[in-house]
Amino acid sequence: MFFNTAPRSLPLVLLALGLGTNGASAQCVWTHHFADSPPPFGALVNQCITWDPDGAGPAAPNLVIAGFFLEVGGTLANSVARFDPVTQAWSAFGAGHGFEVVGAAAAPNGDLVIGGLDSTQFPLSGPVEVWNGSTWTSLPPMNGQVASVAVLPNGDIVAGGTFTMAGSVSATNIARWDGSSWNPVGTGLGGPGTLVRTLDVRPNGTLVASTLFTPAGGANPTGIAAWDGNSWTAIGNGVTGLVAGVGVSSFHFTQNGDIVASGAFFWPAMGAIRTIARWDGSDWNMLGAGITDQEGPVVAITELPNGDIVAGGSFDTAGGVAAFNIARFDGIAWSAIGASLGSPGTSEQVLSVTTTPDGRLFAGGFFEDPNATNSNVASLDLACLAPPIGQNYCGPAAMNSSGASAEMTATGSDVAGGNPLNLAASNLPTGQFGFFLASQNQGSFTPPGSQGVICIGNPIGRFNRPGEIMNSGANGAFDLDVDTSDIPVSPPVAIQAGETWNFQAWFRDNNPMLTSNFTDGVSVTFQ
């Protein structure tokens, strides 16, 4: 058997047809929505939250992004925008805002609250504004930055940041709006130089705040404290808590009531610092091997419906595994999510992550898409994060020019009838094109001009139709959503229940001369 991988001229053909990138229809590739501003201004997305425009009404919850940008998805939206999962469209909140929005929170009645920093004012001003469904209402501003906002069960608004005055009221870095005026929250949090970075409300109504740089007022220096209505109480005793003077940059309440926080957690017995930890009600614990301070900071946290933790920040590895700026902890180990967001050794970072009721993971920050274009907001179908299906075989594959053996993964549904199946190839050399292969038969053959072994047999289907030819990009990975009712053998067929299909990926390599290579194979029996 001779396997004709691709003619030498294929790269030129791809360039001519514009097919040298990931297929646009692949839902398991990060979808980039391009929140950007014209030069010379830089754009970033500080917050991604779920917001229900009519509270408990029938309208579908929307995603809200907030930061500093001019447009998103081609729609003008100054610094705050929404994505409707029903219409699949972005829209603005009125005329938007010319200042940087840093904090955002959804109110139970459907209002949206934002806060930030208006650097056009002198002295600097920290605005807080409320959207009631049709207009923005400005509350008296702070005399410094507003970095976080929250809404209490009674509708009161809490704003945190770094300031000494809330409107005309003295308030140290945190204040509460009761519907008519600002009020201090106890004696406040910290002092000069303290930043109240994150605010959130537990299901029982307790307000929790995290601080950076100096400890919460009157509490141990753990960087995170709870307000019981009368005083602040530290969460944790600091024994396995935070490095003094650093604080907590973000936190998330898990489904079981734990708190996952990012900061600089020190374990004396190990002499180690980890940038993410979990509070189980009595102590702080590492998440597996954690993410070390050498790997990079974590600044955003969310939880998947199955309980896995997603961390975002500015790192090249997580728990020792290659993962650029976003990673997943499944209770045992860390892993990358898709092809990650950003490239190693860059200043790119993920600043916010959240899941939406329509089954997506959204990330915002400052990062590029695989074509080196500023993106800053991206989404991924949560179905792509399901456990792998099928069985891998004929591995490890031949080592490629990345110094690793390329690996194949199948996720999605193993139920026949056109259900989505995602094929992913990883550990590839960067910037190389390739495509996936399918067959009901297995085999073992090294084609001429290849350094790898094709381990599927005739007849072979090649996913090299328009939109299916992939590029490994800067992260050395690509994936494709496959319609199992349209497998491109000759003629195309639909996978039937009871059939076993084998999948593999072919890719161009240079090891050291121009050649080609393969991943290992994965075999899936369909129901």
# chains A, B, ... in the order shown; residues from 1 in each chain; ligands from 1
$ residues_around --residues "segment 250-264 of chain A" --least-positions-apart "3" --cutoff "9 Å" --atoms "only C-alpha atoms" --output "count of residues only"
42
$ select_by_dssp --residues "segment 19-204 of chain A" --states "strand (DSSP E or B)" --output "NGL selection string"
:A and (31-32 or 35-36 or 44-51 or 62-68 or 71-72 or 75-76 or 80-84 or 89-92 or 100-106 or 112-118 or 125-131 or 136-142 or 145-151 or 157-162 or 165-166 or 169-170 or 174-177 or 182-184 or 195-201)
$ write_last_selection --atoms "C-alpha atoms" --output "PDB file, in the first residue's frame"
ATOM      1  CA  THR A  31     -13.416  30.928  19.053  1.00  0.00           C
ATOM      2  CA  HIS A  32     -11.885  34.402  19.106  1.00  0.00           C
ATOM      3  CA  ALA A  35     -12.392  42.870  21.414  1.00  0.00           C
ATOM      4  CA  ASP A  36     -10.044  45.565  20.209  1.00  0.00           C
ATOM      5  CA  LEU A  44      -8.045  44.285  27.259  1.00  0.00           C
ATOM      6  CA  VAL A  45     -10.965  42.454  28.856  1.00  0.00           C
ATOM      7  CA  ASN A  46     -10.907  42.541  32.668  1.00  0.00           C
ATOM      8  CA  GLN A  47     -14.187  40.769  33.409  1.00  0.00           C
ATOM      9  CA  CYS A  48     -16.349  38.008  31.942  1.00  0.00           C
ATOM     10  CA  ILE A  49     -19.572  37.410  33.906  1.00  0.00           C
ATOM     11  CA  THR A  50     -23.003  35.897  33.341  1.00  0.00           C
ATOM     12  CA  TRP A  51     -25.820  38.439  33.529  1.00  0.00           C
ATOM     13  CA  ASN A  62     -26.113  36.810  28.521  1.00  0.00           C
ATOM     14  CA  LEU A  63     -22.362  36.973  28.812  1.00  0.00           C
ATOM     15  CA  VAL A  64     -21.039  40.420  29.744  1.00  0.00           C
ATOM     16  CA  ILE A  65     -17.452  41.454  29.098  1.00  0.00           C
ATOM     17  CA  ALA A  66     -15.941  44.603  30.558  1.00  0.00           C
ATOM     18  CA  GLY A  67     -12.545  46.231  30.229  1.00  0.00           C
ATOM     19  CA  PHE A  68     -11.028  48.792  27.902  1.00  0.00           C
ATOM     20  CA  GLU A  71     -15.452  47.193  19.686  1.00  0.00           C
ATOM     21  CA  VAL A  72     -16.095  43.474  19.984  1.00  0.00           C
ATOM     22  CA  THR A  75     -19.783  45.883  17.087  1.00  0.00           C
ATOM     23  CA  LEU A  76     -19.023  49.266  18.641  1.00  0.00           C
ATOM     24  CA  VAL A  80     -18.707  46.954  28.127  1.00  0.00           C
ATOM     25  CA  ALA A  81     -20.687  44.574  25.887  1.00  0.00           C
ATOM     26  CA  ARG A  82     -22.996  41.579  25.981  1.00  0.00           C
ATOM     27  CA  PHE A  83     -23.209  38.339  24.005  1.00  0.00           C
ATOM     28  CA  ASP A  84     -26.661  36.811  23.499  1.00  0.00           C
ATOM     29  CA  ALA A  89     -24.649  38.423  18.475  1.00  0.00           C
ATOM     30  CA  TRP A  90     -22.750  41.085  20.400  1.00  0.00           C
ATOM     31  CA  SER A  91     -24.429  44.343  21.400  1.00  0.00           C
ATOM     32  CA  ALA A  92     -23.585  47.457  23.398  1.00  0.00           C
ATOM     33  CA  GLU A 100     -11.529  51.355  31.862  1.00  0.00           C
ATOM     34  CA  VAL A 101     -14.087  49.048  33.488  1.00  0.00           C
ATOM     35  CA  VAL A 102     -12.362  46.778  36.001  1.00  0.00           C
ATOM     36  CA  GLY A 103     -15.192  45.271  38.060  1.00  0.00           C
ATOM     37  CA  ALA A 104     -18.668  44.055  37.046  1.00  0.00           C
ATOM     38  CA  ALA A 105     -21.507  42.335  38.901  1.00  0.00           C
ATOM     39  CA  ALA A 106     -25.031  41.178  38.056  1.00  0.00           C
ATOM     40  CA  LEU A 112     -25.757  45.460  35.898  1.00  0.00           C
ATOM     41  CA  VAL A 113     -23.177  47.221  38.074  1.00  0.00           C
ATOM     42  CA  ILE A 114     -19.732  48.271  36.872  1.00  0.00           C
ATOM     43  CA  GLY A 115     -16.779  50.123  38.389  1.00  0.00           C
ATOM     44  CA  GLY A 116     -13.387  51.209  37.151  1.00  0.00           C
ATOM     45  CA  LEU A 117     -10.910  54.007  36.738  1.00  0.00           C
ATOM     46  CA  ASP A 118     -11.350  57.217  34.755  1.00  0.00           C
ATOM     47  CA  SER A 125     -11.792  59.168  39.640  1.00  0.00           C
ATOM     48  CA  GLY A 126     -13.307  55.748  40.337  1.00  0.00           C
ATOM     49  CA  PRO A 127     -16.767  55.667  38.749  1.00  0.00           C
ATOM     50  CA  VAL A 128     -19.530  53.224  39.732  1.00  0.00           C
ATOM     51  CA  GLU A 129     -22.486  52.948  37.354  1.00  0.00           C
ATOM     52  CA  VAL A 130     -25.713  50.942  37.197  1.00  0.00           C
ATOM     53  CA  TRP A 131     -27.524  49.795  34.038  1.00  0.00           C
ATOM     54  CA  TRP A 136     -26.828  54.136  32.958  1.00  0.00           C
ATOM     55  CA  THR A 137     -27.036  55.827  36.373  1.00  0.00           C
ATOM     56  CA  SER A 138     -23.829  57.233  37.850  1.00  0.00           C
ATOM     57  CA  LEU A 139     -23.258  56.918  41.584  1.00  0.00           C
ATOM     58  CA  PRO A 140     -20.974  59.422  43.376  1.00  0.00           C
ATOM     59  CA  PRO A 141     -17.440  58.380  42.345  1.00  0.00           C
ATOM     60  CA  MET A 142     -14.499  57.329  44.499  1.00  0.00           C
ATOM     61  CA  GLN A 145      -9.662  53.146  41.443  1.00  0.00           C
ATOM     62  CA  VAL A 146     -12.656  50.826  41.753  1.00  0.00           C
ATOM     63  CA  ALA A 147     -11.408  47.292  41.091  1.00  0.00           C
ATOM     64  CA  SER A 148     -14.395  45.195  42.196  1.00  0.00           C
ATOM     65  CA  VAL A 149     -18.145  45.440  42.757  1.00  0.00           C
ATOM     66  CA  ALA A 150     -20.757  43.132  44.281  1.00  0.00           C
ATOM     67  CA  VAL A 151     -24.488  43.231  44.994  1.00  0.00           C
ATOM     68  CA  ILE A 157     -23.971  47.701  46.122  1.00  0.00           C
ATOM     69  CA  VAL A 158     -20.469  47.185  47.495  1.00  0.00           C
ATOM     70  CA  ALA A 159     -17.440  48.657  45.740  1.00  0.00           C
ATOM     71  CA  GLY A 160     -13.808  47.865  46.494  1.00  0.00           C
ATOM     72  CA  GLY A 161     -10.544  49.226  45.204  1.00  0.00           C
ATOM     73  CA  THR A 162      -7.969  51.666  46.462  1.00  0.00           C
ATOM     74  CA  MET A 165     -13.410  58.643  49.895  1.00  0.00           C
ATOM     75  CA  ALA A 166     -16.667  57.242  48.480  1.00  0.00           C
ATOM     76  CA  VAL A 169     -17.966  59.811  52.786  1.00  0.00           C
ATOM     77  CA  SER A 170     -14.691  58.565  54.292  1.00  0.00           C
ATOM     78  CA  ILE A 174     -14.399  49.514  50.426  1.00  0.00           C
ATOM     79  CA  ALA A 175     -17.860  51.117  50.661  1.00  0.00           C
ATOM     80  CA  ARG A 176     -21.556  50.193  50.523  1.00  0.00           C
ATOM     81  CA  TRP A 177     -24.276  52.035  48.584  1.00  0.00           C
ATOM     82  CA  TRP A 182     -22.261  55.560  50.370  1.00  0.00           C
ATOM     83  CA  ASN A 183     -21.393  54.088  53.778  1.00  0.00           C
ATOM     84  CA  PRO A 184     -18.120  52.675  55.176  1.00  0.00           C
ATOM     85  CA  LEU A 195      -6.195  47.122  46.803  1.00  0.00           C
ATOM     86  CA  VAL A 196      -9.517  45.351  47.374  1.00  0.00           C
ATOM     87  CA  ARG A 197      -9.205  43.220  44.271  1.00  0.00           C
ATOM     88  CA  THR A 198     -12.212  40.852  44.387  1.00  0.00           C
ATOM     89  CA  LEU A 199     -15.630  40.958  46.025  1.00  0.00           C
ATOM     90  CA  ASP A 200     -18.277  38.238  46.025  1.00  0.00           C
ATOM     91  CA  VAL A 201     -21.287  37.161  48.070  1.00  0.00           C
TER      92      VAL A 201
END
$ closest_residue --among "A:Thr500, A:Thr411, A:Gln432, A:Thr164" --to "Pro388 of chain A" --atoms "only C-alpha atoms"
A:Thr411
$ residues_around --residues "Asn154 of chain A" --least-positions-apart "5" --cutoff "10 Å" --atoms "only C-alpha atoms" --output "NGL selection string"
:A and (107-108 or 178 or 205)
$ write_last_selection --atoms "all heavy atoms" --output "tab-separated table (two decimals), in the first residue's frame"
chain	number	residue	atom	x	y	z
A	107	ALA	N	-26.94	42.05	39.28
A	107	ALA	CA	-27.88	42.14	40.40
A	107	ALA	C	-29.04	41.18	40.18
A	107	ALA	O	-29.42	40.90	39.04
A	107	ALA	CB	-28.38	43.57	40.53
A	108	PRO	N	-29.64	40.68	41.27
A	108	PRO	CA	-30.75	39.73	41.13
A	108	PRO	C	-31.93	40.28	40.35
A	108	PRO	O	-32.67	39.53	39.72
A	108	PRO	CB	-31.13	39.43	42.59
A	108	PRO	CG	-29.89	39.71	43.38
A	108	PRO	CD	-29.24	40.86	42.68
A	178	ASP	N	-26.39	52.22	49.81
A	178	ASP	CA	-27.65	51.73	50.35
A	178	ASP	C	-28.87	52.17	49.55
A	178	ASP	O	-30.02	52.00	49.99
A	178	ASP	CB	-27.81	52.15	51.81
A	178	ASP	CG	-27.88	53.67	51.98
A	178	ASP	OD1	-27.96	54.40	50.97
A	178	ASP	OD2	-27.85	54.14	53.14
A	205	GLY	N	-25.34	35.03	51.95
A	205	GLY	CA	-25.35	36.48	52.04
A	205	GLY	C	-24.09	37.10	52.60
A	205	GLY	O	-23.97	38.33	52.65
$ select_by_dssp --residues "segment 14-124 of chain A" --states "helix (DSSP H, G or I)" --output "mmCIF file with all heavy atoms, in the first residue's frame"
data_model
loop_
_atom_site.group_PDB
_atom_site.id
_atom_site.type_symbol
_atom_site.label_atom_id
_atom_site.label_comp_id
_atom_site.auth_asym_id
_atom_site.auth_seq_id
_atom_site.Cartn_x
_atom_site.Cartn_y
_atom_site.Cartn_z
ATOM 1 N N LEU A 14 -2.464 25.664 -0.326
ATOM 2 C CA LEU A 14 -3.166 26.111 0.869
ATOM 3 C C LEU A 14 -3.124 27.610 1.003
ATOM 4 O O LEU A 14 -4.121 28.261 1.330
ATOM 5 C CB LEU A 14 -2.555 25.462 2.111
ATOM 6 C CG LEU A 14 -2.745 23.955 2.257
ATOM 7 C CD1 LEU A 14 -1.990 23.473 3.488
ATOM 8 C CD2 LEU A 14 -4.202 23.626 2.368
ATOM 9 N N LEU A 15 -1.939 28.196 0.759
ATOM 10 C CA LEU A 15 -1.812 29.641 0.869
ATOM 11 C C LEU A 15 -2.700 30.331 -0.158
ATOM 12 O O LEU A 15 -3.330 31.350 0.129
ATOM 13 C CB LEU A 15 -0.349 30.055 0.691
ATOM 14 C CG LEU A 15 0.602 29.620 1.801
ATOM 15 C CD1 LEU A 15 2.035 29.998 1.434
ATOM 16 C CD2 LEU A 15 0.214 30.248 3.132
ATOM 17 N N ALA A 16 -2.755 29.771 -1.345
ATOM 18 C CA ALA A 16 -3.556 30.397 -2.385
ATOM 19 C C ALA A 16 -5.043 30.359 -2.054
ATOM 20 O O ALA A 16 -5.787 31.287 -2.356
ATOM 21 C CB ALA A 16 -3.308 29.692 -3.722
ATOM 22 N N LEU A 17 -5.474 29.268 -1.403
ATOM 23 C CA LEU A 17 -6.884 29.134 -1.078
ATOM 24 C C LEU A 17 -7.241 29.695 0.283
ATOM 25 O O LEU A 17 -8.415 29.721 0.663
ATOM 26 C CB LEU A 17 -7.278 27.638 -1.116
ATOM 27 C CG LEU A 17 -7.159 26.955 -2.479
ATOM 28 C CD1 LEU A 17 -7.528 25.487 -2.343
ATOM 29 C CD2 LEU A 17 -8.053 27.631 -3.503
#
$ closest_atom_pairs --of "segment 388-420 of chain A" --to "segment 454-475 of chain A" --cutoff "10 Å" --atoms "only C-alpha atoms" --output "JSON lines"
{"residue": "A:Tyr393", "atom": "CA", "partner": "A:Cys455", "partner_atom": "CA", "distance": 8.6}
{"residue": "A:Cys394", "atom": "CA", "partner": "A:Cys455", "partner_atom": "CA", "distance": 6.7}
{"residue": "A:Gly395", "atom": "CA", "partner": "A:Cys455", "partner_atom": "CA", "distance": 9.6}
{"residue": "A:Ala397", "atom": "CA", "partner": "A:Ile454", "partner_atom": "CA", "distance": 9.5}
$ residues_around --residues "Ser401 of chain A" --least-positions-apart "3" --cutoff "8 Å" --atoms "only C-alpha atoms" --output "number ranges by chain"
A: 404, 429, 509-512
$ write_last_selection --atoms "all heavy atoms" --output "short mmCIF file (atom, residue, chain, number, x, y, z; two decimals), in the first residue's frame"
data_model
loop_
_atom_site.label_atom_id
_atom_site.label_comp_id
_atom_site.auth_asym_id
_atom_site.auth_seq_id
_atom_site.Cartn_x
_atom_site.Cartn_y
_atom_site.Cartn_z
N ALA A 404 9.08 15.67 20.72
CA ALA A 404 8.07 14.85 21.41
C ALA A 404 7.37 13.96 20.39
O ALA A 404 7.51 14.12 19.17
CB ALA A 404 7.06 15.74 22.12
N PRO A 429 5.06 19.87 15.92
CA PRO A 429 5.93 21.01 15.65
C PRO A 429 5.07 22.24 15.35
O PRO A 429 3.96 22.12 14.82
CB PRO A 429 6.73 20.57 14.41
CG PRO A 429 5.90 19.49 13.79
CD PRO A 429 5.19 18.81 14.90
N ASP A 509 6.47 17.92 8.72
CA ASP A 509 7.53 17.99 9.73
C ASP A 509 8.83 18.38 9.05
O ASP A 509 8.94 18.39 7.82
CB ASP A 509 7.65 16.63 10.44
CG ASP A 509 8.32 16.72 11.80
OD1 ASP A 509 8.68 17.85 12.21
OD2 ASP A 509 8.49 15.68 12.45
N ASN A 510 9.82 18.68 9.84
CA ASN A 510 11.15 19.03 9.33
C ASN A 510 12.16 18.48 10.32
O ASN A 510 12.51 19.14 11.29
CB ASN A 510 11.27 20.55 9.21
CG ASN A 510 12.50 20.97 8.41
OD1 ASN A 510 13.39 20.16 8.17
ND2 ASN A 510 12.54 22.22 8.00
N ASN A 511 12.60 17.26 10.06
CA ASN A 511 13.29 16.54 11.12
C ASN A 511 14.48 15.71 10.61
O ASN A 511 14.43 14.49 10.64
CB ASN A 511 12.28 15.63 11.84
CG ASN A 511 12.78 15.13 13.17
OD1 ASN A 511 13.69 15.69 13.76
ND2 ASN A 511 12.17 14.06 13.65
N PRO A 512 15.62 16.29 10.14
CA PRO A 512 15.88 17.73 10.00
C PRO A 512 15.50 18.26 8.64
O PRO A 512 15.43 19.47 8.43
CB PRO A 512 17.39 17.82 10.21
CG PRO A 512 17.90 16.54 9.64
CD PRO A 512 16.85 15.50 9.95
#
$ closest_residue --among "A:Pro344, A:Pro396, A:Pro448, A:Gly498" --to "Gly476 of chain A" --atoms "only C-alpha atoms"
A:Pro344
$ closest_residue --among "A:Asn306, A:Ser402, A:Thr430, A:Thr446" --to "Leu385 of chain A" --atoms "only C-alpha atoms"
A:Asn306
